[in-house]
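Coordinates as given in my_file-v8.csv (CSV, C-alpha atoms):
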```
chain,number,residue,atom,x,y,z
G,1,MET,CA,-159.6,-178.7,-200.9
G,2,LEU,CA,-160.4,-181.5,-198.4
G,3,GLY,CA,-163.6,-183.4,-198.9
G,4,SER,CA,-166.5,-182.5,-196.6
G,5,GLY,CA,-166.5,-186.0,-195.2
G,6,ILE,CA,-162.9,-186.0,-194.1
G,7,LEU,CA,-163.2,-182.4,-192.8
G,8,ASN,CA,-166.3,-183.5,-190.7
G,9,VAL,CA,-164.3,-186.3,-189.3
G,10,ALA,CA,-161.4,-184.0,-188.4
G,11,ILE,CA,-163.7,-181.4,-186.8
G,12,GLY,CA,-165.7,-184.0,-184.9
G,13,LEU,CA,-162.7,-185.8,-183.5
G,14,ALA,CA,-160.9,-182.6,-182.6
G,15,PHE,CA,-164.1,-181.5,-180.8
G,16,ILE,CA,-164.4,-184.8,-178.9
G,17,PHE,CA,-160.8,-185.0,-178.0
G,18,GLY,CA,-160.8,-181.4,-176.8
G,19,VAL,CA,-163.9,-181.7,-174.6
G,20,THR,CA,-162.7,-185.0,-173.1
G,21,ALA,CA,-159.2,-183.6,-172.4
G,22,ALA,CA,-160.8,-180.5,-170.8
G,23,LEU,CA,-163.0,-182.8,-168.6
G,24,SER,CA,-159.9,-184.8,-167.6
G,25,SER,CA,-158.0,-181.6,-166.7
G,26,VAL,CA,-160.9,-180.3,-164.5
G,27,PHE,CA,-161.1,-183.6,-162.6
G,28,THR,CA,-157.3,-183.7,-162.3
G,29,GLU,CA,-157.3,-180.2,-160.8
G,30,LEU,CA,-159.9,-181.2,-158.3
G,31,ILE,CA,-157.9,-184.2,-157.3
G,32,ALA,CA,-154.7,-182.1,-157.0
G,33,ARG,CA,-156.5,-179.7,-154.8
G,34,PHE,CA,-157.9,-182.5,-152.6
G,35,LEU,CA,-154.4,-184.0,-152.2
G,36,GLY,CA,-152.7,-180.6,-151.8
G,37,LEU,CA,-150.2,-181.5,-154.6
G,38,ARG,CA,-149.2,-178.0,-155.4
G,39,ALA,CA,-148.2,-177.2,-151.8
G,40,ALA,CA,-146.5,-180.5,-151.5
G,41,TYR,CA,-144.3,-179.9,-154.5
G,42,LEU,CA,-143.6,-176.4,-153.4
G,43,LEU,CA,-142.2,-177.7,-150.1
G,44,ARG,CA,-140.3,-180.4,-151.9
G,45,GLY,CA,-138.8,-177.8,-154.2
G,46,LEU,CA,-137.7,-175.6,-151.3
G,47,ARG,CA,-136.1,-178.5,-149.5
G,48,GLU,CA,-134.2,-179.6,-152.7
G,49,LEU,CA,-133.0,-176.0,-153.1
G,50,LEU,CA,-131.9,-175.3,-149.6
G,51,ASP,CA,-131.2,-178.7,-148.0
G,52,SER,CA,-130.6,-180.9,-151.0
G,53,GLY,CA,-133.2,-183.4,-149.7
G,54,GLU,CA,-130.8,-184.8,-147.2
G,55,MET,CA,-132.5,-183.5,-144.1
G,56,THR,CA,-135.9,-184.3,-142.5
G,57,VAL,CA,-138.0,-181.1,-142.0
G,58,GLU,CA,-140.8,-180.9,-139.5
G,59,LEU,CA,-143.0,-177.9,-139.9
G,60,THR,CA,-144.0,-177.9,-136.3
G,61,LYS,CA,-140.3,-177.1,-135.5
G,62,ALA,CA,-140.0,-174.3,-138.2
G,63,GLU,CA,-140.0,-171.5,-135.7
G,64,GLY,CA,-137.3,-173.3,-133.6
G,65,ASP,CA,-135.2,-173.7,-136.8
G,66,TYR,CA,-135.5,-170.0,-137.4
G,67,ASN,CA,-134.4,-169.1,-133.9
G,68,ALA,CA,-131.5,-171.5,-134.2
G,69,TRP,CA,-130.4,-169.7,-137.4
G,70,GLN,CA,-130.7,-166.4,-135.6
G,71,LYS,CA,-128.3,-167.6,-132.9
G,72,ILE,CA,-125.8,-168.8,-135.5
G,73,MET,CA,-125.9,-165.4,-137.3
G,74,THR,CA,-125.5,-163.4,-134.1
G,75,GLY,CA,-122.8,-165.8,-132.7
G,76,THR,CA,-124.8,-166.8,-129.7
G,77,PRO,CA,-123.5,-170.1,-128.3
G,78,PRO,CA,-126.0,-173.0,-128.2
G,79,ALA,CA,-127.7,-173.8,-125.0
G,80,GLY,CA,-128.1,-177.2,-123.5
G,81,PRO,CA,-126.0,-180.4,-123.8
G,82,GLU,CA,-124.7,-179.4,-127.2
G,83,ALA,CA,-122.6,-176.7,-125.6
G,84,GLU,CA,-120.7,-179.0,-123.2
G,85,PRO,CA,-116.9,-178.8,-123.6
G,86,GLY,CA,-115.3,-181.5,-125.7
G,87,LYS,CA,-118.6,-182.6,-127.3
G,88,PRO,CA,-118.5,-182.3,-131.1
G,89,GLN,CA,-120.7,-179.6,-132.6
G,90,PRO,CA,-123.0,-180.4,-135.5
G,91,ALA,CA,-120.5,-179.4,-138.2
G,92,GLU,CA,-117.8,-181.5,-136.6
G,93,ALA,CA,-120.0,-184.5,-136.1
G,94,ALA,CA,-121.2,-184.2,-139.7
G,95,ALA,CA,-117.7,-183.9,-141.1
G,96,GLY,CA,-116.3,-186.7,-139.0
G,97,ASP,CA,-119.1,-189.2,-139.4
G,98,GLY,CA,-120.2,-188.4,-142.9
G,99,LEU,CA,-123.5,-186.7,-142.2
G,100,THR,CA,-124.9,-189.3,-139.8
G,101,ALA,CA,-128.6,-189.2,-138.8
G,102,GLU,CA,-127.7,-188.0,-135.3
G,103,ALA,CA,-125.5,-185.2,-136.7
G,104,LEU,CA,-128.2,-184.1,-139.2
G,105,ALA,CA,-130.8,-184.1,-136.4
G,106,LYS,CA,-128.8,-181.4,-134.6
G,107,ILE,CA,-128.5,-179.1,-137.6
G,108,PRO,CA,-131.3,-176.6,-138.1
G,109,SER,CA,-133.0,-177.1,-141.4
G,110,ALA,CA,-132.7,-174.2,-143.8
G,111,THR,CA,-136.1,-175.0,-145.2
G,112,GLY,CA,-137.6,-175.0,-141.7
G,113,ALA,CA,-135.8,-171.8,-140.8
G,114,LEU,CA,-137.1,-170.0,-144.0
G,115,LEU,CA,-140.7,-171.2,-143.5
G,116,GLY,CA,-140.5,-170.3,-139.8
G,117,SER,CA,-139.4,-166.7,-140.5
G,118,PRO,CA,-141.9,-163.9,-139.8
G,119,ILE,CA,-142.1,-163.2,-143.5
G,120,LEU,CA,-143.2,-166.7,-144.6
G,121,ARG,CA,-144.6,-168.1,-141.4
G,122,SER,CA,-148.2,-167.1,-142.3
G,123,GLN,CA,-147.9,-166.3,-146.0
G,124,GLY,CA,-150.8,-167.7,-148.1
G,125,MET,CA,-152.5,-169.5,-145.2
G,126,THR,CA,-154.6,-169.0,-142.1
G,127,GLY,CA,-152.6,-169.1,-138.9
G,128,SER,CA,-149.0,-170.2,-138.6
G,129,ILE,CA,-147.2,-172.9,-140.6
G,130,THR,CA,-146.1,-174.4,-137.2
G,131,SER,CA,-149.6,-175.5,-136.6
G,132,ARG,CA,-149.4,-178.0,-139.5
G,133,ALA,CA,-148.2,-181.4,-138.2
G,134,LEU,CA,-146.4,-182.3,-141.5
G,135,THR,CA,-143.0,-183.8,-142.2
G,136,LEU,CA,-140.7,-183.6,-145.3
G,137,PRO,CA,-138.8,-186.9,-145.0
G,138,ALA,CA,-135.2,-187.2,-146.1
G,139,ALA,CA,-134.4,-188.9,-149.3
G,140,GLU,CA,-133.0,-192.4,-149.3
G,141,PRO,CA,-129.8,-193.0,-151.2
G,142,GLY,CA,-130.4,-193.3,-154.9
G,143,ARG,CA,-134.1,-192.4,-154.6
G,144,PRO,CA,-136.0,-189.1,-154.9
G,145,ALA,CA,-137.3,-187.5,-151.7
G,146,ALA,CA,-140.9,-188.3,-150.9
G,147,LEU,CA,-143.6,-185.6,-150.7
G,148,VAL,CA,-145.0,-184.2,-147.5
G,149,LYS,CA,-146.2,-186.8,-145.0
G,150,GLY,CA,-149.1,-186.0,-142.7
G,151,PRO,CA,-152.9,-185.4,-142.6
G,152,LEU,CA,-154.5,-184.2,-145.8
G,153,LYS,CA,-156.3,-181.4,-144.1
G,154,PHE,CA,-152.9,-179.8,-143.3
G,155,ARG,CA,-151.6,-180.3,-146.8
G,156,ARG,CA,-154.6,-178.6,-148.3
G,157,SER,CA,-154.2,-175.6,-146.1
G,158,LEU,CA,-150.6,-174.9,-147.1
G,159,PRO,CA,-149.6,-172.2,-149.5
G,160,ALA,CA,-149.3,-173.3,-153.1
G,161,TYR,CA,-147.1,-170.4,-154.2
G,162,ILE,CA,-144.5,-168.2,-152.7
G,163,PRO,CA,-143.4,-165.1,-154.7
G,164,ALA,CA,-139.7,-164.7,-155.5
G,165,THR,CA,-139.6,-161.3,-153.7
G,166,SER,CA,-140.9,-162.8,-150.5
G,167,PHE,CA,-138.4,-165.7,-150.8
G,168,ALA,CA,-135.5,-163.3,-151.2
G,169,ASP,CA,-136.6,-161.1,-148.4
G,170,ALA,CA,-137.0,-164.1,-146.0
G,171,LEU,CA,-133.6,-165.5,-147.0
G,172,ILE,CA,-131.9,-162.1,-146.5
G,173,ASP,CA,-133.6,-161.8,-143.1
G,174,LEU,CA,-132.1,-165.2,-142.2
G,175,LEU,CA,-128.6,-164.1,-143.2
G,176,VAL,CA,-128.7,-160.6,-141.6
G,177,PRO,CA,-131.0,-160.6,-138.6
G,178,ASN,CA,-130.0,-157.1,-137.5
G,179,ALA,CA,-133.2,-155.1,-138.0
G,180,GLY,CA,-131.7,-151.8,-136.7
G,181,GLY,CA,-128.9,-151.6,-139.3
G,182,GLN,CA,-128.7,-151.4,-143.0
G,183,THR,CA,-128.3,-154.7,-144.8
G,184,THR,CA,-125.1,-154.8,-146.8
G,185,LEU,CA,-123.4,-157.4,-148.9
G,186,ASP,CA,-120.4,-157.4,-146.5
G,187,ALA,CA,-122.8,-158.4,-143.7
G,188,ILE,CA,-124.2,-161.2,-145.9
G,189,ASP,CA,-120.6,-162.4,-146.7
G,190,ARG,CA,-119.8,-162.6,-143.0
G,191,SER,CA,-123.0,-164.5,-142.3
G,192,LEU,CA,-122.2,-167.0,-145.1
G,193,ALA,CA,-118.7,-167.5,-143.5
G,194,SER,CA,-120.4,-168.3,-140.2
G,195,LEU,CA,-122.8,-170.7,-141.9
G,196,LYS,CA,-119.9,-172.4,-143.6
G,197,GLN,CA,-118.4,-173.2,-140.2
G,198,GLU,CA,-121.6,-174.3,-138.6
G,199,LEU,CA,-123.3,-176.2,-141.4
G,200,PRO,CA,-122.0,-179.3,-143.2
G,201,VAL,CA,-119.2,-178.8,-145.7
G,202,GLY,CA,-120.7,-178.6,-149.2
G,203,SER,CA,-124.1,-177.2,-148.1
G,204,PRO,CA,-125.9,-176.3,-151.3
G,205,LEU,CA,-127.4,-173.2,-149.8
G,206,VAL,CA,-124.0,-171.7,-148.7
G,207,ALA,CA,-122.3,-172.6,-152.0
G,208,SER,CA,-125.1,-171.1,-154.1
G,209,LEU,CA,-125.3,-167.9,-152.0
G,210,GLN,CA,-121.6,-167.4,-152.1
G,211,ALA,CA,-121.6,-167.6,-155.9
G,212,LEU,CA,-124.5,-165.1,-156.1
G,213,SER,CA,-122.8,-162.8,-153.7
G,214,ALA,CA,-119.6,-162.9,-155.7
G,215,ASN,CA,-121.5,-162.0,-158.9
G,216,ALA,CA,-123.4,-159.1,-157.2
G,217,ASN,CA,-120.3,-156.7,-157.4
G,218,GLY,CA,-121.1,-155.2,-154.0
G,219,SER,CA,-124.7,-154.3,-154.8
G,220,ILE,CA,-127.3,-155.6,-152.4
G,221,ALA,CA,-130.1,-154.9,-154.9
G,222,ARG,CA,-128.4,-157.0,-157.5
G,223,PHE,CA,-127.9,-159.8,-154.9
G,224,ARG,CA,-131.6,-159.6,-154.0
G,225,LEU,CA,-132.6,-159.9,-157.7
G,226,SER,CA,-130.2,-162.8,-158.2
G,227,VAL,CA,-131.7,-164.7,-155.3
G,228,GLY,CA,-135.2,-164.2,-156.8
G,229,ASN,CA,-134.0,-165.4,-160.2
G,230,TRP,CA,-132.3,-168.4,-158.6
G,231,TYR,CA,-135.5,-169.3,-156.8
G,232,ASP,CA,-137.6,-168.8,-160.0
G,233,GLY,CA,-135.3,-171.0,-162.0
G,234,HIS,CA,-135.6,-173.8,-159.5
G,235,MET,CA,-139.4,-173.4,-159.3
G,236,ASP,CA,-139.5,-173.9,-163.0
G,237,ARG,CA,-138.1,-177.3,-162.4
G,238,VAL,CA,-140.6,-177.9,-159.7
G,239,SER,CA,-143.4,-177.0,-162.1
G,240,GLY,CA,-142.0,-179.7,-164.4
G,241,TRP,CA,-142.2,-182.2,-161.7
G,242,TYR,CA,-145.7,-181.2,-160.9
G,243,LYS,CA,-146.8,-181.3,-164.5
G,244,ARG,CA,-145.4,-184.8,-165.0
G,245,ARG,CA,-147.2,-186.0,-161.9
G,246,THR,CA,-150.5,-184.5,-163.0
G,247,ALA,CA,-150.1,-185.7,-166.6
G,248,THR,CA,-150.1,-189.3,-165.2
G,249,ILE,CA,-153.3,-188.5,-163.2
G,250,THR,CA,-154.9,-186.9,-166.3
G,251,LEU,CA,-154.2,-190.1,-168.4
G,252,ILE,CA,-155.7,-192.3,-165.7
G,253,VAL,CA,-158.8,-190.0,-165.3
G,254,GLY,CA,-159.1,-189.7,-169.0
G,255,GLY,CA,-159.0,-193.5,-169.4
G,256,ILE,CA,-161.8,-193.9,-166.9
G,257,LEU,CA,-163.9,-191.2,-168.6
G,258,VAL,CA,-163.4,-192.8,-172.0
G,259,LEU,CA,-164.7,-196.1,-170.8
G,260,LEU,CA,-167.5,-194.7,-168.7
G,261,LEU,CA,-168.7,-192.5,-171.6
G,262,ASN,CA,-168.0,-195.0,-174.3
G,263,ILE,CA,-165.8,-192.5,-176.3
G,264,ASN,CA,-164.3,-194.6,-179.1
G,265,ALA,CA,-162.3,-192.7,-181.8
G,266,LEU,CA,-162.8,-195.3,-184.5
G,267,THR,CA,-166.5,-195.6,-184.0
G,268,ILE,CA,-167.0,-191.8,-183.9
G,269,GLY,CA,-164.8,-191.4,-187.0
G,270,ARG,CA,-166.8,-194.0,-188.9
G,271,THR,CA,-170.1,-192.4,-187.9
G,272,LEU,CA,-168.9,-188.9,-189.0
G,273,TYR,CA,-167.6,-190.1,-192.3
G,274,SER,CA,-170.6,-192.2,-193.2
G,275,SER,CA,-173.3,-189.7,-192.3
G,276,SER,CA,-173.0,-186.1,-193.6
G,277,VAL,CA,-176.1,-185.1,-191.6
G,278,ILE,CA,-174.4,-186.1,-188.3
G,279,GLY,CA,-171.1,-184.6,-189.4
G,280,ASN,CA,-172.7,-181.2,-190.2
G,281,ALA,CA,-174.7,-181.3,-186.9
G,282,VAL,CA,-171.6,-182.0,-184.9
G,283,GLY,CA,-169.7,-179.3,-186.7
G,284,THR,CA,-172.4,-176.8,-185.7
G,285,VAL,CA,-172.1,-178.0,-182.0
G,286,ALA,CA,-168.3,-177.7,-182.3
G,287,ALA,CA,-168.5,-174.1,-183.5
G,288,ARG,CA,-170.2,-173.1,-180.3
G,289,THR,CA,-167.7,-175.0,-178.0
G,290,THR,CA,-165.6,-173.2,-175.4
G,291,SER,CA,-162.3,-174.1,-173.7
G,292,CYS,CA,-163.4,-173.2,-170.2
G,293,GLN,CA,-161.0,-170.2,-170.0
G,294,GLY,CA,-162.1,-167.8,-167.3
G,295,GLN,CA,-164.6,-170.2,-165.8
G,296,ASN,CA,-164.7,-171.9,-162.5
G,297,GLN,CA,-164.8,-175.7,-162.2
G,298,GLN,CA,-168.6,-175.9,-161.8
G,299,GLN,CA,-169.3,-173.7,-164.8
G,300,CYS,CA,-166.7,-175.6,-166.8
G,301,LEU,CA,-168.1,-179.0,-165.9
G,302,ALA,CA,-171.7,-177.9,-166.7
G,303,GLY,CA,-170.6,-176.5,-170.1
G,304,LEU,CA,-168.6,-179.6,-171.1
G,305,GLN,CA,-171.4,-181.9,-170.1
G,306,SER,CA,-173.9,-179.9,-172.2
G,307,GLN,CA,-171.5,-180.0,-175.2
G,308,LEU,CA,-171.1,-183.8,-175.0
G,309,SER,CA,-174.9,-184.2,-174.6
G,310,ALA,CA,-175.4,-182.0,-177.7
G,311,ALA,CA,-173.0,-184.1,-179.6
G,312,ALA,CA,-174.8,-187.3,-178.6
G,313,GLN,CA,-178.1,-185.8,-179.6
G,314,ALA,CA,-176.6,-184.9,-183.0
G,315,GLY,CA,-176.0,-188.6,-183.5
G,316,LEU,CA,-172.5,-189.3,-182.3
G,317,PRO,CA,-172.1,-192.8,-180.6
G,318,ILE,CA,-171.2,-191.4,-177.2
G,319,GLY,CA,-172.5,-192.9,-174.0
G,320,TRP,CA,-174.5,-196.1,-173.7
G,321,ALA,CA,-177.7,-195.0,-175.5
G,322,ALA,CA,-178.9,-196.6,-178.7
G,323,VAL,CA,-177.2,-195.3,-181.8
G,324,SER,CA,-179.2,-193.9,-184.8
G,325,ASP,CA,-178.2,-196.8,-187.0
G,326,CYS,CA,-180.3,-199.2,-184.8
G,327,ALA,CA,-183.2,-196.8,-184.2
G,328,ALA,CA,-185.5,-198.2,-186.7
G,329,ALA,CA,-187.9,-201.0,-185.5
G,330,SER,CA,-187.2,-203.2,-188.5
G,331,VAL,CA,-183.4,-203.2,-187.9
G,332,HIS,CA,-182.0,-206.1,-185.9
G,333,CYS,CA,-179.1,-205.1,-183.6
G,334,ASN,CA,-177.6,-206.8,-180.6
G,335,TRP,CA,-176.7,-204.9,-177.4
G,336,LEU,CA,-173.1,-204.1,-178.6
G,337,ASP,CA,-174.5,-202.9,-181.9
G,338,ARG,CA,-177.0,-200.6,-180.3
G,339,ARG,CA,-174.4,-199.0,-178.1
G,340,GLY,CA,-172.1,-198.3,-181.1
G,341,ILE,CA,-169.3,-200.6,-180.0
G,342,PHE,CA,-169.8,-202.9,-182.9
G,343,SER,CA,-171.3,-202.3,-186.3
G,344,ARG,CA,-174.4,-204.2,-187.3
G,345,HIS,CA,-172.9,-204.3,-190.9
G,346,GLY,CA,-169.9,-206.2,-189.7
G,347,GLY,CA,-169.3,-209.6,-188.2
G,348,SER,CA,-165.6,-210.1,-188.1
G,349,PRO,CA,-163.9,-210.9,-184.8
G,350,TRP,CA,-161.4,-208.2,-185.6
G,351,GLN,CA,-164.1,-205.8,-184.4
G,352,VAL,CA,-163.0,-206.5,-180.8
G,353,VAL,CA,-159.5,-205.4,-181.7
G,354,LEU,CA,-160.7,-202.3,-183.4
G,355,VAL,CA,-162.8,-201.4,-180.4
G,356,LEU,CA,-159.8,-201.6,-178.1
G,357,ILE,CA,-157.7,-199.6,-180.6
G,358,GLY,CA,-160.4,-197.0,-180.7
G,359,PHE,CA,-160.4,-196.6,-176.9
G,360,LEU,CA,-156.6,-196.5,-176.9
G,361,VAL,CA,-156.4,-193.8,-179.6
G,362,THR,CA,-158.8,-191.7,-177.6
G,363,ILE,CA,-156.8,-192.0,-174.4
G,364,ILE,CA,-153.5,-191.2,-176.2
G,365,ALA,CA,-155.2,-188.2,-177.9
G,366,LEU,CA,-155.7,-186.6,-174.4
G,367,THR,CA,-151.9,-186.2,-174.0
G,368,PRO,CA,-151.5,-182.9,-175.9
G,369,GLY,CA,-154.2,-181.3,-173.7
G,370,ALA,CA,-157.4,-179.5,-174.4
G,371,ARG,CA,-155.8,-176.2,-175.6
G,372,PHE,CA,-154.1,-178.0,-178.5
G,373,TRP,CA,-157.4,-179.6,-179.7
G,374,PHE,CA,-159.4,-176.4,-179.2
G,375,ASP,CA,-156.8,-174.4,-181.2
G,376,LEU,CA,-156.9,-177.1,-183.9
G,377,LEU,CA,-160.7,-177.0,-183.9
G,378,GLY,CA,-160.6,-173.2,-184.5
G,379,LYS,CA,-158.3,-173.7,-187.5
G,380,LEU,CA,-160.5,-176.4,-188.9
G,381,GLY,CA,-163.6,-174.3,-188.4
G,382,SER,CA,-162.0,-171.5,-190.3
G,383,LEU,CA,-161.1,-173.9,-193.1
G,384,ARG,CA,-164.6,-175.2,-193.2
G,385,SER,CA,-166.2,-171.7,-193.3
G,386,THR,CA,-164.1,-170.7,-196.4
G,387,GLY,CA,-166.0,-173.2,-198.6
G,388,PRO,CA,-164.9,-174.2,-202.1
G,389,LYS,CA,-162.9,-172.0,-204.4
G,390,PRO,CA,-165.2,-169.9,-206.6
G,391,ALA,CA,-165.2,-170.5,-210.3
G,392,SER,CA,-163.2,-168.1,-212.5
```

Could you express the structure from this file as structure tokens?
Amino acid sequence: MLGSGILNVAIGLAFIFGVTAALSSVFTELIARFLGLRAAYLLRGLRELLDSGEMTVELTKAEGDYNAWQKIMTGTPPAGPEAEPGKPQPAEAAAGDGLTAEALAKIPSATGALLGSPILRSQGMTGSITSRALTLPAAEPGRPAALVKGPLKFRRSLPAYIPATSFADALIDLLVPNAGGQTTLDAIDRSLASLKQELPVGSPLVASLQALSANANGSIARFRLSVGNWYDGHMDRVSGWYKRRTATITLIVGGILVLLLNINALTIGRTLYSSSVIGNAVGTVAARTTSCQGQNQQQCLAGLQSQLSAAAQAGLPIGWAAVSDCAAASVHCNWLDRRGIFSRHGGSPWQVVLVLIGFLVTIIALTPGARFWFDLLGKLGSLRSTGPKPAS
């Protein structure tokens, strides 16, 4: 059985790490909403899936891209100077010049056409997506494509999620624009053949859809399901991109919180181990803690703030108030001792190194996330409540 001092240290540190990680996650979510990161990564994922990041997509031209795709599907010749005899069409220019910028500019974007379709044009937002003056820039050679460029107010108003069923319906609507007839896999195959002639050779959209069509065995229902699974699989990758980006933000936010609130793992552990009274009091506070599940940001922030305040009142050296070890009038403590950064019983210059290590340990401990620490806290609380083994 673990000693009560070690168990108090484990419970107290798990409690502090969990609450700090939850605070960092709440602030990270607020920052992500302010920057419109979910919507930006959704658009980046769509462009990587449909255009392979090689084309610039302007949302204001999404409806025009959709109409251009409709003309390709119906076999309507393009209007304007592109239709002049002897002038190379987009596919010819792209094949001859190796996808030059001029050739790419003439090709309708698959991402823009999909977002400009009647199914997705107003999904998850107020108004039409064409009212958002945003651009998805093309990726430079050897570098990943940048996120959406444009005013933040437009990024925040974009949808952060598109269901797989809506994506599949919008994509089939692009391929088979005949609303009066029944959509069949033969019609989709004919549309893919037309796209292969008009779009650049090796287009990721055409190649992927041809593979999905070949595996559908003539069933449009199976093709629709395959398109949805293809989309979901790619969105799982996009979720990974988003989580890696927010993990970096969480570490930065957590580091700022650790320094502002003076949350030092070594100082807290030393206090919990040396004082059983403080350890028991913190254990009581930790038993009442919550992980903010089912709460909004304001309720969660208020709850986490009260939990940290209760831990500080129990005697933990959190914040910049005087610690209990320096509370007596006869005890001499300098400013760093009173704030719990140094110990009045020490005097070694290594204390500075230990302080830095303590802050670093706290920041690294935020990496697993609040759920990990709250789950561990529940297991430690169960271990503590069992008590010692009864005598035979």

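Taking only C-alpha atoms, the non-local environment of Ser131 (chain G) within 8 Å (same-chain residues fewer than 3 positions away omitted) comprises G:Leu59, G:Thr60, G:Gly127, G:Ser128.
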
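For Asp51 (chain G), the list of residues within 8 Å, based on only C-alpha atoms and with local chain neighbours fewer than 4 positions off taken out, reads Leu46, Arg47, Met55, Ser109, Ala110, Thr111, Ser203, Pro204 and Leu205 of chain G.
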
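CA of Gln313 (chain G) sits 9.2 Å away from CA of Val282 (chain G).
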
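Selecting by distance to (-140.3, -168.4, -157.1) with a limit of 8 Å and using all atoms listed in the file, one obtains Tyr161, Ile162, Pro163, Ala164, Thr165, Phe167, Gly228, Asn229, Tyr231, Asp232, Gly233, His234 and Met235 of chain G.
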
Writing out the chosen residues with C-alpha atoms as a short mmCIF file (atom, residue, chain, number, x, y, z; two decimals), in the coordinates of the input:
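again_18.cif was written with the following content:
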```cif
data_model
loop_
_atom_site.label_atom_id
_atom_site.label_comp_id
_atom_site.auth_asym_id
_atom_site.auth_seq_id
_atom_site.Cartn_x
_atom_site.Cartn_y
_atom_site.Cartn_z
CA TYR G 161 -147.10 -170.40 -154.20
CA ILE G 162 -144.50 -168.20 -152.70
CA PRO G 163 -143.40 -165.10 -154.70
CA ALA G 164 -139.70 -164.70 -155.50
CA THR G 165 -139.60 -161.30 -153.70
CA PHE G 167 -138.40 -165.70 -150.80
CA GLY G 228 -135.20 -164.20 -156.80
CA ASN G 229 -134.00 -165.40 -160.20
CA TYR G 231 -135.50 -169.30 -156.80
CA ASP G 232 -137.60 -168.80 -160.00
CA GLY G 233 -135.30 -171.00 -162.00
CA HIS G 234 -135.60 -173.80 -159.50
CA MET G 235 -139.40 -173.40 -159.30
#
```

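By only C-alpha atoms, and with residues fewer than 6 positions from Arg288 (chain G) along its chain excluded, the set lying at most 12 Å from it is G:Phe15, G:Ala281, G:Val282, G:Gly303, G:Leu304, G:Ser306, G:Gln307, G:Leu308, G:Ala310, G:Ala311, G:Phe374, G:Leu377, G:Gly378, G:Gly381.
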
Convert the current residue selection to file output with C-alpha atoms, as a CSV table (one decimal), in the coordinates of the input.
```csv
chain,number,residue,atom,x,y,z
G,15,PHE,CA,-164.1,-181.5,-180.8
G,281,ALA,CA,-174.7,-181.3,-186.9
G,282,VAL,CA,-171.6,-182.0,-184.9
G,303,GLY,CA,-170.6,-176.5,-170.1
G,304,LEU,CA,-168.6,-179.6,-171.1
G,306,SER,CA,-173.9,-179.9,-172.2
G,307,GLN,CA,-171.5,-180.0,-175.2
G,308,LEU,CA,-171.1,-183.8,-175.0
G,310,ALA,CA,-175.4,-182.0,-177.7
G,311,ALA,CA,-173.0,-184.1,-179.6
G,374,PHE,CA,-159.4,-176.4,-179.2
G,377,LEU,CA,-160.7,-177.0,-183.9
G,378,GLY,CA,-160.6,-173.2,-184.5
G,381,GLY,CA,-163.6,-174.3,-188.4
```

Which polymer residues have any atom within 10 Å of an atom of Ala365 (chain G), counting only C-alpha atoms, with same-chain residues fewer than 2 positions away left out, as an mmCIF file with C-alpha atoms, in the frame of the given file?
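Once written, selection_23.cif looks like this:
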```cif
data_model
loop_
_atom_site.group_PDB
_atom_site.id
_atom_site.type_symbol
_atom_site.label_atom_id
_atom_site.label_comp_id
_atom_site.auth_asym_id
_atom_site.auth_seq_id
_atom_site.Cartn_x
_atom_site.Cartn_y
_atom_site.Cartn_z
ATOM 1 C CA LEU G 13 -162.700 -185.800 -183.500
ATOM 2 C CA ALA G 14 -160.900 -182.600 -182.600
ATOM 3 C CA ILE G 16 -164.400 -184.800 -178.900
ATOM 4 C CA PHE G 17 -160.800 -185.000 -178.000
ATOM 5 C CA GLY G 18 -160.800 -181.400 -176.800
ATOM 6 C CA THR G 20 -162.700 -185.000 -173.100
ATOM 7 C CA ALA G 21 -159.200 -183.600 -172.400
ATOM 8 C CA LEU G 251 -154.200 -190.100 -168.400
ATOM 9 C CA GLY G 254 -159.100 -189.700 -169.000
ATOM 10 C CA ALA G 265 -162.300 -192.700 -181.800
ATOM 11 C CA PHE G 359 -160.400 -196.600 -176.900
ATOM 12 C CA LEU G 360 -156.600 -196.500 -176.900
ATOM 13 C CA VAL G 361 -156.400 -193.800 -179.600
ATOM 14 C CA THR G 362 -158.800 -191.700 -177.600
ATOM 15 C CA ILE G 363 -156.800 -192.000 -174.400
ATOM 16 C CA THR G 367 -151.900 -186.200 -174.000
ATOM 17 C CA PRO G 368 -151.500 -182.900 -175.900
ATOM 18 C CA GLY G 369 -154.200 -181.300 -173.700
ATOM 19 C CA ALA G 370 -157.400 -179.500 -174.400
ATOM 20 C CA TRP G 373 -157.400 -179.600 -179.700
#
```

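If you look at CA of Arg244 (chain G) and CA of Leu115 (chain G), they are 25.9 Å away from each other.
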
Checklist entry - Mind pulling up the distance from CA of Gly112 (chain G) to CA of Arg38 (chain G)? => result 18.2 Å

Checklist entry - Quick one: residues within 9 Å of Thr246 (chain G), only C-alpha atoms counted, chain neighbours fewer than 5 positions away excluded, as a ChimeraX atom specification? => result /G:25,28-29,32,37,241,251

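Using all atoms listed in the file for every distance, the candidate list G:Gly358, G:Gly319, G:Pro159, G:Pro137 yields G:Gly319 as the residue closest to Leu260 (chain G).
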